[in-house]
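upload_5.txt, holding compact mmCIF, C-alpha atoms:
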# COMPACT_ATOMS: atom_id res chain seq x y z
CA MET U 1 105.09 -62.51 17.17
CA LEU U 2 105.81 -62.35 20.83
CA ALA U 3 102.90 -63.19 23.07
CA VAL U 4 102.88 -61.07 26.17
CA SER U 5 100.81 -61.75 29.23
CA VAL U 6 100.14 -58.68 31.33
CA HIS U 7 99.32 -58.88 35.00
CA ALA U 8 98.20 -55.66 36.64
CA ALA U 9 100.33 -54.70 39.58
CA PRO U 10 98.34 -54.05 42.75
CA ASN U 11 98.99 -50.32 42.80
CA VAL U 12 98.66 -49.59 39.10
CA GLU U 13 95.97 -47.00 38.49
CA LEU U 14 93.20 -48.43 36.37
CA SER U 15 91.80 -46.56 33.42
CA ASP U 16 88.24 -45.27 33.48
CA SER U 17 87.09 -47.96 31.08
CA GLN U 18 88.69 -50.63 33.21
CA LEU U 19 86.89 -49.26 36.25
CA LEU U 20 83.60 -49.18 34.37
CA ALA U 21 84.10 -52.78 33.34
CA ARG U 22 84.77 -53.71 36.94
CA HIS U 23 81.71 -51.82 38.05
CA ALA U 24 79.61 -53.68 35.50
CA ALA U 25 81.03 -56.91 36.88
CA GLY U 26 79.85 -55.99 40.37
CA ASP U 27 83.02 -54.49 41.84
CA ARG U 28 81.73 -51.82 44.21
CA GLU U 29 85.10 -50.23 44.72
CA ALA U 30 85.18 -49.17 41.09
CA LEU U 31 82.53 -46.54 41.80
CA ASP U 32 84.52 -45.28 44.77
CA GLU U 33 87.53 -44.66 42.57
CA LEU U 34 85.56 -43.00 39.78
CA PHE U 35 83.89 -40.77 42.33
CA ARG U 36 87.20 -39.82 43.88
CA ARG U 37 88.65 -39.13 40.47
CA TYR U 38 85.93 -36.85 39.12
CA ARG U 39 84.03 -35.44 42.07
CA GLY U 40 85.97 -32.17 42.12
CA LEU U 41 85.64 -31.57 38.42
CA ALA U 42 81.93 -32.33 38.40
CA TYR U 43 81.40 -30.14 41.45
CA ARG U 44 83.17 -27.15 39.93
CA VAL U 45 81.08 -27.35 36.78
CA ALA U 46 77.86 -27.69 38.73
CA TYR U 47 78.78 -24.94 41.16
CA ARG U 48 79.64 -22.52 38.40
CA LEU U 49 76.34 -23.23 36.66
CA LEU U 50 74.22 -23.08 39.79
CA GLY U 51 76.01 -20.69 42.10
CA ASN U 52 75.58 -22.50 45.39
CA GLU U 53 76.97 -25.52 47.14
CA ALA U 54 73.79 -27.42 48.01
CA ASP U 55 72.40 -27.42 44.49
CA ALA U 56 75.81 -28.23 43.04
CA LEU U 57 76.08 -31.30 45.25
CA ASP U 58 72.60 -32.37 44.16
CA ALA U 59 73.59 -32.05 40.52
CA VAL U 60 76.77 -34.04 41.08
CA GLN U 61 74.77 -36.75 42.81
CA GLU U 62 72.25 -36.90 40.01
CA GLY U 63 75.01 -37.01 37.44
CA PHE U 64 76.89 -39.88 39.02
CA VAL U 65 73.75 -41.90 39.67
CA LYS U 66 72.45 -41.44 36.14
CA VAL U 67 75.75 -42.27 34.55
CA MET U 68 76.45 -45.32 36.68
CA THR U 69 72.95 -46.71 36.31
CA HIS U 70 72.83 -46.20 32.56
CA LEU U 71 76.11 -47.68 31.51
CA HIS U 72 74.42 -49.42 28.59
CA GLY U 73 73.92 -45.96 27.04
CA PHE U 74 77.59 -45.12 27.25
CA GLN U 75 79.07 -47.65 24.83
CA GLY U 76 82.46 -45.97 24.97
CA ARG U 77 81.66 -43.38 22.31
CA SER U 78 83.16 -40.66 24.49
CA SER U 79 85.31 -40.62 27.57
CA PHE U 80 83.75 -41.17 30.97
CA LYS U 81 84.72 -37.64 31.93
CA THR U 82 82.93 -35.97 29.04
CA TRP U 83 79.90 -38.20 29.52
CA LEU U 84 79.73 -37.42 33.22
CA LEU U 85 80.12 -33.69 32.65
CA ARG U 86 77.42 -33.74 30.01
CA VAL U 87 74.98 -35.31 32.48
CA VAL U 88 76.07 -33.10 35.38
CA SER U 89 75.77 -29.92 33.33
CA ASN U 90 72.34 -31.02 32.10
CA ALA U 91 71.26 -31.70 35.65
CA SER U 92 72.64 -28.35 36.77
CA LEU U 93 70.75 -26.42 34.12
CA ASP U 94 67.56 -28.31 34.93
CA LEU U 95 67.97 -27.49 38.60
CA GLY U 96 68.74 -23.89 37.74
CA ARG U 97 65.57 -23.59 35.71
CA GLN U 98 63.58 -25.05 38.56
CA ARG U 99 65.03 -22.60 41.01
CA GLY U 100 64.76 -19.58 38.82
CA ARG U 101 67.36 -16.94 38.42
CA ARG U 102 66.09 -14.77 41.21
CA GLU U 103 66.32 -17.48 43.77
CA GLN U 104 69.78 -18.36 42.54
CA PHE U 105 70.99 -14.87 43.15
CA HIS U 106 69.55 -14.83 46.64
CA ARG U 107 71.16 -18.14 47.43
CA GLU U 108 74.44 -16.96 46.06
CA ASP U 109 74.25 -13.91 48.27
CA ALA U 110 73.58 -16.16 51.23
CA ALA U 111 76.49 -18.37 50.21
CA LEU U 112 78.73 -15.33 50.01
CA GLU U 113 77.62 -14.17 53.43
CA ALA U 114 78.40 -17.61 54.80
CA GLU U 115 81.78 -17.48 53.13
CA LEU U 116 82.46 -14.06 54.59
CA ASP U 117 81.42 -15.28 58.02
CA THR U 118 83.78 -18.22 57.84
CA PRO U 119 86.95 -17.60 59.83
CA VAL U 120 89.73 -16.98 57.41
CA SER U 121 92.73 -19.21 57.65
CA SER U 122 95.21 -17.42 55.49
CA LEU U 123 97.64 -14.80 56.61
CA ASP U 124 95.88 -12.18 54.54
CA PRO U 125 92.19 -12.02 55.52
CA GLY U 126 91.69 -8.83 53.53
CA ARG U 127 92.80 -10.63 50.42
CA ASP U 128 90.45 -13.54 51.17
CA LEU U 129 87.48 -11.21 51.46
CA GLU U 130 88.44 -9.47 48.29
CA ARG U 131 88.60 -12.75 46.43
CA ALA U 132 85.26 -13.84 47.83
CA ASP U 133 83.77 -10.62 46.54
CA GLN U 134 85.38 -11.15 43.15
CA ARG U 135 84.01 -14.67 42.97
CA ARG U 136 80.55 -13.28 43.56
CA LEU U 137 81.01 -10.72 40.81
CA LEU U 138 82.13 -13.42 38.43
CA MET U 139 79.19 -15.66 39.32
CA ASP U 140 76.77 -12.82 38.75
CA ALA U 141 78.33 -12.07 35.39
CA LEU U 142 78.26 -15.73 34.37
CA ALA U 143 74.60 -15.91 35.30
CA ARG U 144 73.91 -13.14 32.81
CA LEU U 145 75.39 -14.99 29.88
CA PRO U 146 73.06 -16.80 27.49
CA GLU U 147 72.71 -20.39 28.64
CA ALA U 148 74.52 -21.88 25.64
CA GLN U 149 77.50 -19.54 26.09
CA ARG U 150 77.59 -20.10 29.83
CA ARG U 151 77.56 -23.87 29.50
CA THR U 152 80.24 -23.87 26.82
CA PHE U 153 82.41 -21.53 28.83
CA VAL U 154 82.05 -23.47 32.08
CA LEU U 155 82.75 -26.83 30.47
CA HIS U 156 85.91 -25.44 28.95
CA VAL U 157 87.21 -23.52 31.94
CA ASP U 158 85.95 -25.47 34.95
CA GLY U 159 85.41 -28.82 33.28
CA ASP U 160 88.90 -28.69 31.87
CA LEU U 161 87.61 -29.90 28.50
CA SER U 162 89.31 -29.25 25.18
CA TYR U 163 87.41 -27.71 22.28
CA ARG U 164 86.91 -31.17 20.80
CA GLU U 165 85.53 -32.50 24.07
CA VAL U 166 83.20 -29.54 24.58
CA ALA U 167 81.96 -30.00 21.03
CA ASP U 168 81.29 -33.68 21.75
CA VAL U 169 79.48 -32.95 25.00
CA LEU U 170 77.24 -30.31 23.46
CA GLU U 171 77.00 -31.99 20.07
CA ILE U 172 78.04 -28.84 18.26
CA SER U 173 80.90 -28.01 15.91
CA ILE U 174 84.27 -26.83 17.12
CA GLY U 175 83.67 -23.57 15.28
CA THR U 176 80.56 -23.02 17.38
CA VAL U 177 82.59 -23.69 20.52
CA MET U 178 85.07 -21.05 19.42
CA SER U 179 82.36 -18.50 18.71
CA ARG U 180 80.59 -19.06 21.99
CA LEU U 181 83.80 -18.73 23.93
CA PHE U 182 84.77 -15.55 22.14
CA TYR U 183 81.44 -13.83 22.77
CA ALA U 184 81.16 -15.15 26.32
CA ARG U 185 84.50 -13.58 27.19
CA GLN U 186 83.68 -10.34 25.48
CA LYS U 187 80.48 -10.13 27.46
CA LEU U 188 82.21 -11.01 30.70
CA ARG U 189 84.64 -8.20 30.07
CA ALA U 190 81.80 -5.79 29.42
CA LEU U 191 79.92 -6.88 32.53
CA LEU U 192 82.88 -6.87 34.84
CA SER U 193 84.74 -3.98 33.35
CA ASP U 194 87.85 -3.61 35.46
CA ARG U 195 86.31 -4.75 38.70
CA LEU U 196 88.21 -8.01 38.64
CA GLN U 197 91.89 -8.04 39.24
CA LYS U 198 93.93 -9.69 36.57
CA MET T 199 97.94 -9.26 4.67
CA ASN T 200 94.66 -10.15 3.11
CA GLU T 201 92.62 -11.88 5.80
CA SER T 202 90.40 -13.79 3.45
CA GLU T 203 93.42 -15.30 1.74
CA SER T 204 95.42 -16.01 4.86
CA LEU T 205 93.03 -17.36 7.46
CA PRO T 206 91.17 -20.65 7.28
CA PRO T 207 88.10 -19.91 5.19
CA ASN T 208 85.68 -21.73 7.46
CA LEU T 209 86.62 -19.83 10.61
CA SER T 210 86.04 -16.21 11.49
CA TRP T 211 88.63 -13.93 13.02
CA HIS T 212 86.81 -14.06 16.35
CA GLN T 213 86.79 -17.82 16.38
CA LEU T 214 90.48 -17.90 15.66
CA LEU T 215 91.23 -15.34 18.32
CA ALA T 216 89.47 -17.41 20.97
CA ALA T 217 91.30 -20.54 19.89
CA TYR T 218 94.60 -18.67 19.79
CA ALA T 219 94.15 -17.44 23.35
CA ASP T 220 93.43 -21.00 24.47
CA GLY T 221 96.37 -22.48 22.59
CA GLU T 222 94.09 -24.64 20.46
CA LEU T 223 95.48 -23.70 17.04
CA ASP T 224 97.97 -25.62 15.01
CA GLU T 225 101.30 -24.03 14.33
CA ALA T 226 100.52 -22.76 10.83
CA THR T 227 97.27 -21.07 11.85
CA ARG T 228 98.87 -19.65 14.96
CA VAL T 229 101.50 -17.92 12.85
CA LEU T 230 98.82 -16.43 10.64
CA VAL T 231 96.92 -15.09 13.63
CA GLU T 232 100.06 -13.57 15.12
CA HIS T 233 100.77 -11.86 11.83
CA LYS T 234 97.35 -10.29 11.82
CA LEU T 235 97.61 -9.28 15.46
CA ARG T 236 100.51 -6.99 14.60
CA GLY T 237 98.10 -5.01 12.48
CA GLY T 238 96.18 -3.03 15.07
CA ALA T 239 95.32 -2.16 18.64
CA ASP T 240 91.73 -3.39 18.41
CA ALA T 241 92.83 -6.92 17.77
CA ALA T 242 95.28 -6.69 20.65
CA ASN T 243 92.54 -5.51 23.00
CA GLU T 244 90.30 -8.35 21.95
CA LEU T 245 93.10 -10.80 22.50
CA ASP T 246 93.70 -9.35 25.95
CA THR T 247 90.08 -10.04 26.85
CA GLN T 248 90.25 -13.55 25.46
CA ARG T 249 93.40 -14.32 27.39
CA ARG T 250 92.12 -12.81 30.58
CA PHE T 251 89.20 -15.25 30.77
CA SER T 252 91.02 -18.19 29.21
CA PRO T 253 91.86 -21.23 31.35
CA THR T 254 95.47 -20.53 30.43
CA ASN T 255 95.20 -17.65 32.94
CA LYS T 256 95.68 -20.11 35.76
CA ALA T 257 96.35 -17.56 38.48
CA PHE T 258 93.02 -15.89 37.87
CA TRP T 259 90.98 -19.09 37.75
CA ASN T 260 92.68 -20.59 40.77
CA ALA T 261 91.66 -17.51 42.71
CA MET T 262 88.10 -17.75 41.38
CA ARG T 263 87.65 -21.41 42.23
CA PRO T 264 84.87 -22.13 44.69
CA ALA T 265 85.82 -23.76 47.95
CA ASN T 266 85.53 -27.52 47.86
CA PRO T 267 82.98 -29.25 50.05
CA SER T 268 84.30 -30.66 53.29
CA GLU T 269 85.43 -34.27 53.46
CA GLN T 270 82.31 -35.06 55.47
CA GLN T 271 80.14 -33.63 52.70
CA TRP T 272 82.01 -35.69 50.12
CA ASN T 273 81.53 -38.81 52.22
CA ASP T 274 77.82 -38.15 52.63
CA LEU T 275 77.45 -37.53 48.93
CA HIS T 276 79.36 -40.68 48.09
CA SER T 277 77.17 -42.72 50.42
CA ARG T 278 74.00 -41.43 48.78
CA ILE T 279 75.34 -42.13 45.32
CA ALA T 280 76.56 -45.61 46.23
CA GLU T 281 73.24 -46.43 47.85
CA SER T 282 71.35 -45.47 44.71
CA VAL T 283 73.75 -47.05 42.26
CA HIS T 284 74.14 -50.32 44.10
CA SER T 285 70.44 -50.74 44.62
CA ASP T 286 69.04 -52.62 41.66
CA ALA T 287 65.74 -50.90 42.08
CA ALA T 288 67.15 -47.40 42.24
CA VAL T 289 65.74 -45.01 39.68
CA GLY T 290 67.37 -41.80 40.83
CA PRO T 291 69.27 -39.98 43.50
CA THR T 292 68.39 -40.66 47.06
CA ARG T 293 67.44 -37.09 47.63
CA VAL T 294 64.80 -36.46 45.04
CA ARG T 295 63.66 -32.92 44.56
CA ARG T 296 60.01 -32.35 45.13
CA SER T 297 58.90 -31.56 41.65
CA ARG T 298 55.42 -30.25 41.14
CA TRP T 299 54.09 -33.36 39.47
CA LEU T 300 55.53 -35.52 42.18
CA ARG T 301 53.99 -33.45 44.91
CA ARG T 302 50.68 -33.52 43.15
CA GLY T 303 50.98 -37.21 42.58
CA LEU T 304 51.79 -37.92 46.16
CA LEU T 305 49.00 -35.71 47.36
CA ALA T 306 46.66 -37.42 44.95
CA THR T 307 47.74 -40.77 46.30
CA ILE T 308 47.08 -39.68 49.83
CA VAL T 309 43.74 -38.19 48.91
CA ALA T 310 42.78 -41.30 47.02
CA ALA T 311 43.94 -43.60 49.77
CA VAL T 312 42.05 -41.86 52.54
CA PRO T 313 38.51 -42.66 51.37
CA ALA T 314 39.48 -46.21 50.62
CA ALA T 315 40.98 -46.69 54.04
CA THR T 316 37.98 -45.06 55.63
CA ALA T 317 35.72 -47.34 53.70
CA ALA T 318 37.72 -50.30 54.85
CA ALA T 319 37.26 -49.18 58.43
CA VAL T 320 33.54 -48.73 57.90
CA THR T 321 33.27 -52.11 56.25
CA LEU T 322 35.00 -53.61 59.22
CA ILE T 323 32.38 -52.13 61.48
CA VAL T 324 29.60 -53.50 59.35
CA VAL T 325 31.07 -56.95 59.23
CA LEU T 326 31.68 -57.13 62.94
CA GLY T 327 28.37 -55.50 63.83
CA ARG T 328 30.17 -53.12 66.12
CA HIS T 329 28.83 -49.69 66.97
CA PRO T 330 31.54 -47.23 67.73
CA ALA T 331 31.47 -44.66 70.44
CA THR T 332 30.51 -41.03 70.07
CA PRO T 333 32.13 -39.45 67.07
CA VAL T 334 35.40 -37.78 67.72
CA HIS T 335 36.13 -34.87 65.52
CA GLY T 336 39.59 -34.38 64.25
CA PRO T 337 41.90 -36.45 62.21
CA GLY T 338 43.65 -39.58 63.20
CA SER T 339 42.06 -40.50 66.46
CA THR T 340 43.81 -43.58 67.71
CA ASP T 341 42.68 -43.76 71.31
CA ASP T 342 41.70 -47.37 71.09
CA GLY T 343 44.45 -48.35 68.73
CA ALA T 344 42.22 -48.34 65.67
CA ASP T 345 43.82 -47.78 62.32
CA ALA T 346 44.30 -44.17 61.31
CA ILE T 347 46.04 -42.43 58.53
CA VAL T 348 48.32 -39.55 59.21
CA THR T 349 47.56 -36.68 56.94
CA THR T 350 50.16 -34.29 55.63
CA LEU T 351 50.63 -31.43 53.24
CA PRO T 352 52.81 -31.51 50.16
CA GLU T 353 55.20 -29.12 51.85
CA ASP T 354 55.71 -31.66 54.61
CA ILE T 355 56.90 -34.35 52.28
CA ASP T 356 60.44 -34.90 51.17
CA ILE T 357 60.78 -38.11 49.24
CA GLN T 358 63.95 -39.85 50.25
CA SER T 359 63.92 -42.73 47.82
CA MET T 360 61.71 -44.43 45.35
CA ARG T 361 61.72 -47.80 43.66
CA PRO T 362 60.13 -48.53 40.31
CA ALA T 363 57.63 -50.80 42.04
CA ASP T 364 56.48 -47.86 44.17
CA ALA T 365 56.37 -45.40 41.32
CA ARG T 366 53.46 -47.15 39.66
CA HIS T 367 51.32 -46.41 42.70
CA LEU T 368 51.73 -42.69 42.29
CA VAL T 369 48.79 -40.97 40.73
CA VAL T 370 49.94 -38.18 38.49
CA GLY T 371 47.66 -35.24 37.96
CA GLN T 372 45.24 -33.20 39.92
CA PRO T 373 43.83 -34.82 43.05
CA PRO T 374 40.42 -36.31 42.32
CA TYR T 375 38.92 -34.71 45.40
CA PRO T 376 40.00 -31.08 45.47
CA ASP T 377 38.56 -30.12 48.84
CA GLU T 378 40.00 -30.80 52.22
CA VAL T 379 39.79 -34.39 53.30
CA THR T 380 38.73 -35.12 56.84
CA LEU T 381 40.37 -38.21 58.14
CA VAL T 382 38.56 -40.54 60.47
CA ALA T 383 39.33 -43.74 62.26
CA VAL T 384 36.94 -46.54 63.09
CA THR T 385 36.01 -44.86 66.33
CA ASP T 386 35.19 -41.54 64.72
CA ILE T 387 31.92 -42.46 63.03
CA GLN T 388 28.61 -44.10 63.87
CA LEU T 389 26.74 -46.08 61.29
CA ASP T 390 23.00 -45.76 61.01
CA GLY T 391 22.55 -48.48 58.49
CA VAL T 392 23.84 -50.20 55.44
CA LEU T 393 21.58 -51.17 52.57
CA PRO T 394 22.45 -53.54 49.75
CA SER T 395 23.56 -51.86 46.64
CA ARG T 396 21.01 -51.10 43.98
CA ASP T 397 23.27 -51.58 41.03
CA GLY T 398 25.42 -54.32 42.38
CA THR T 399 28.40 -52.13 43.05
CA MET T 400 28.18 -49.83 46.04
CA PRO T 401 26.15 -50.40 49.22
CA GLU T 402 24.29 -47.40 50.60
CA VAL T 403 25.70 -46.34 53.91
CA SER T 404 24.09 -43.83 56.22
CA LEU T 405 25.62 -42.28 59.31
CA VAL T 406 24.18 -41.10 62.58
CA GLY T 407 23.82 -37.34 62.51
CA ASP T 408 25.09 -34.94 59.91
CA GLY T 409 28.65 -34.94 58.83
CA PRO T 410 30.87 -34.37 55.87
CA PRO T 411 30.40 -36.62 52.85
CA ILE T 412 32.34 -39.82 53.09
CA MET T 413 33.29 -42.08 50.26
CA PHE T 414 32.87 -45.79 50.74
CA SER T 415 33.98 -48.80 48.86
CA PRO T 416 33.28 -52.41 49.69
CA ARG T 417 36.09 -54.40 51.16
CA PRO T 418 37.35 -57.08 48.82
CA ARG T 419 36.40 -60.62 49.86
File written out as structure tokens:
Amino acid sequence: MLAVSVHAAPNVELSDSQLLARHAAGDREALDELFRRYRGLAYRVAYRLLGNEADALDAVQEGFVKVMTHLHGFQGRSSFKTWLLRVVSNASLDLGRQRGRREQFHREDAALEAELDTPVSSLDPGRDLERADQRRLLMDALARLPEAQRRTFVLHVDGDLSYREVADVLEISIGTVMSRLFYARQKLRALLSDRLQK
Amino acid sequence: MNESESLPPNLSWHQLLAAYADGELDEATRVLVEHKLRGGADAANELDTQRRFSPTNKAFWNAMRPANPSEQQWNDLHSRIAESVHSDAAVGPTRVRRSRWLRRGLLATIVAAVPAATAAAVTLIVVLGRHPATPVHGPGSTDDGADAIVTTLPEDIDIQSMRPADARHLVVGQPPYPDEVTLVAVTDIQLDGVLPSRDGTMPEVSLVGDGPPIMFSPRPR
């Protein structure tokens, strides 16, 4: 058998588990890299569940802090990504319950107004406004889904998780993931009718 | 085609349709679903809906994506996370939401601390034999530099951080003294006299003139 000694090149991207090991060993830069790697994903999930930027950032913060300070509970049974998104989505739903649906809608309206007030940078401002309006319609429709369907749907679409990963995060069967996605989409279609462009 | 014979027995048609739209089926099952889809318009309509809201519809979801936070916001968020994570004593995010129990607990702490601090001030007067000036009404008089406690309402408080060692000082539950607490400093009250305690615990303290009830506790020696 050939014994091979591997030395990591300086610019080789480390895996999540390697970064977690480095973090556990006191390497502060490991957190920086994990944050850079997953901040966008975590934010999209939180935003879609909460409907506004400030709360979404709070949920992302809570998720990262909980995950990084409870590494002993991780034990490598799932990927870092699925573990993080589980915690972030939990935090988002908790925050959402605290806020209450009504407040969420008001905040979303305020967020939309802010978005509409923002100077548009594209060459087609009419299109930008139209998309902003469509995003609001979608957020409103998502908010009307049952919580279990909404969470499943968001983890799959915005969390970029496979059926297997969603099932692991939510501790449900893949068949349940399929059912929730089917009915979530049917309901979205019913709520949005043809108001969204394909 | 007989559906019950052709499709996986543990999955419904709806489940399969969702998975088909997302490209999550194996080749054999995908072929079976496609065969059934040729059977009617209803199935095609359902598939259209499933595909429309599937992540495979990248153009749609890219357009629906929320704007990312600015780089400054990311940096601020990262700083808060790093501060919490790298602090051994951190128990949560730097910006902790003011939950009801926490607000009550903090208020309770303040309410509980006020009488004790007042008592400490009074005890100081007794020990030093000093008679303060005319009472000054209103909280937190600090004209002569005497100790005072700043009062606040729960709405004024936004906890920025908390360590486990601090958390044990929080009193959780309803404040023990439900009415408004008037804060005083050493210079705000005039003692009439202090009698030894009858039961060995609390001395009897009387004030000059009428005033609101004040709680006292002896200063530890």
**Request:** Considering all atoms listed in the file, state which residue in the set U:Gly159, U:Gly73, U:Pro146, U:Gly175 is at the smallest distance from chain T.
**Result:** U:Gly175
**Item:** For Pro253 (chain T): contacts at 9 Å, only C-alpha atoms, fewer than 5 positions along chain excluded, given as a VMD selection string
**Value:** (chain U and resid 156 to 158 160) or (chain T and resid 220 258 to 259)
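Proximity of U:Arg97, U:Arg36, U:Arg86, U:His72 to chain T, computed with only C-alpha atoms, is greatest for U:Arg36.
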**Request:** Between CA of Gln149 (chain U) and CA of Leu223 (chain T), measure the distance and give it in Å to one decimal.
**Result:**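 Distance between the two atoms: 20.6 Å.
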**Item:** Counting only C-alpha atoms, the residue of U:Leu181, U:Leu161, U:Leu191, U:Val12 that sits nearest chain T
**Value:**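 Closest residue, counting only C-alpha atoms: U:Leu181.
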Where does chain T meet chain U within 8 Å, residue by residue, with the nearest atom pair and distance in Å to one decimal for each, counting only C-alpha atoms, listed by chain and rising number, as CSV?
residue,atom,partner,partner_atom,distance
T:Leu209,CA,U:Gly175,CA,6.7
T:His212,CA,U:Phe182,CA,6.3
T:Gln213,CA,U:Met178,CA,4.8
T:Leu214,CA,U:Met178,CA,7.3
T:Leu215,CA,U:Phe182,CA,7.5
T:Ala216,CA,U:Phe182,CA,5.2
T:Ala217,CA,U:Met178,CA,6.3
T:Glu222,CA,U:Tyr163,CA,7.6
T:Glu244,CA,U:Gln186,CA,7.8
T:Thr247,CA,U:Gln186,CA,6.6
T:Gln248,CA,U:Arg185,CA,6.0
T:Arg250,CA,U:Lys198,CA,7.0
T:Phe251,CA,U:Arg185,CA,6.1
T:Ser252,CA,U:Val157,CA,7.1
T:Pro253,CA,U:Val157,CA,5.2
T:Phe258,CA,U:Lys198,CA,6.4
T:Ala261,CA,U:Arg131,CA,6.8
T:Met262,CA,U:Arg135,CA,5.4
T:Arg263,CA,U:Arg44,CA,7.6
T:Pro264,CA,U:Arg44,CA,7.1
T:Asn266,CA,U:Gly40,CA,7.4
T:Pro267,CA,U:Glu53,CA,7.6
T:Leu275,CA,U:Gln61,CA,6.7
T:His276,CA,U:Phe35,CA,7.3
T:Arg278,CA,U:Gln61,CA,7.6
T:Ile279,CA,U:Val65,CA,5.9
T:Ala280,CA,U:Leu31,CA,7.5
T:Ser282,CA,U:Val65,CA,6.6
T:Val283,CA,U:Val65,CA,5.8
T:His284,CA,U:Arg28,CA,7.7
T:Gly290,CA,U:Val65,CA,6.5
T:Pro291,CA,U:Glu62,CA,5.5
T:Arg293,CA,U:Asp58,CA,7.8
**Request:** Provide the CA of Glu269 (chain T) to CA of Glu13 (chain U) distance in Å, to one decimal place.
**Result:** 22.3 Å
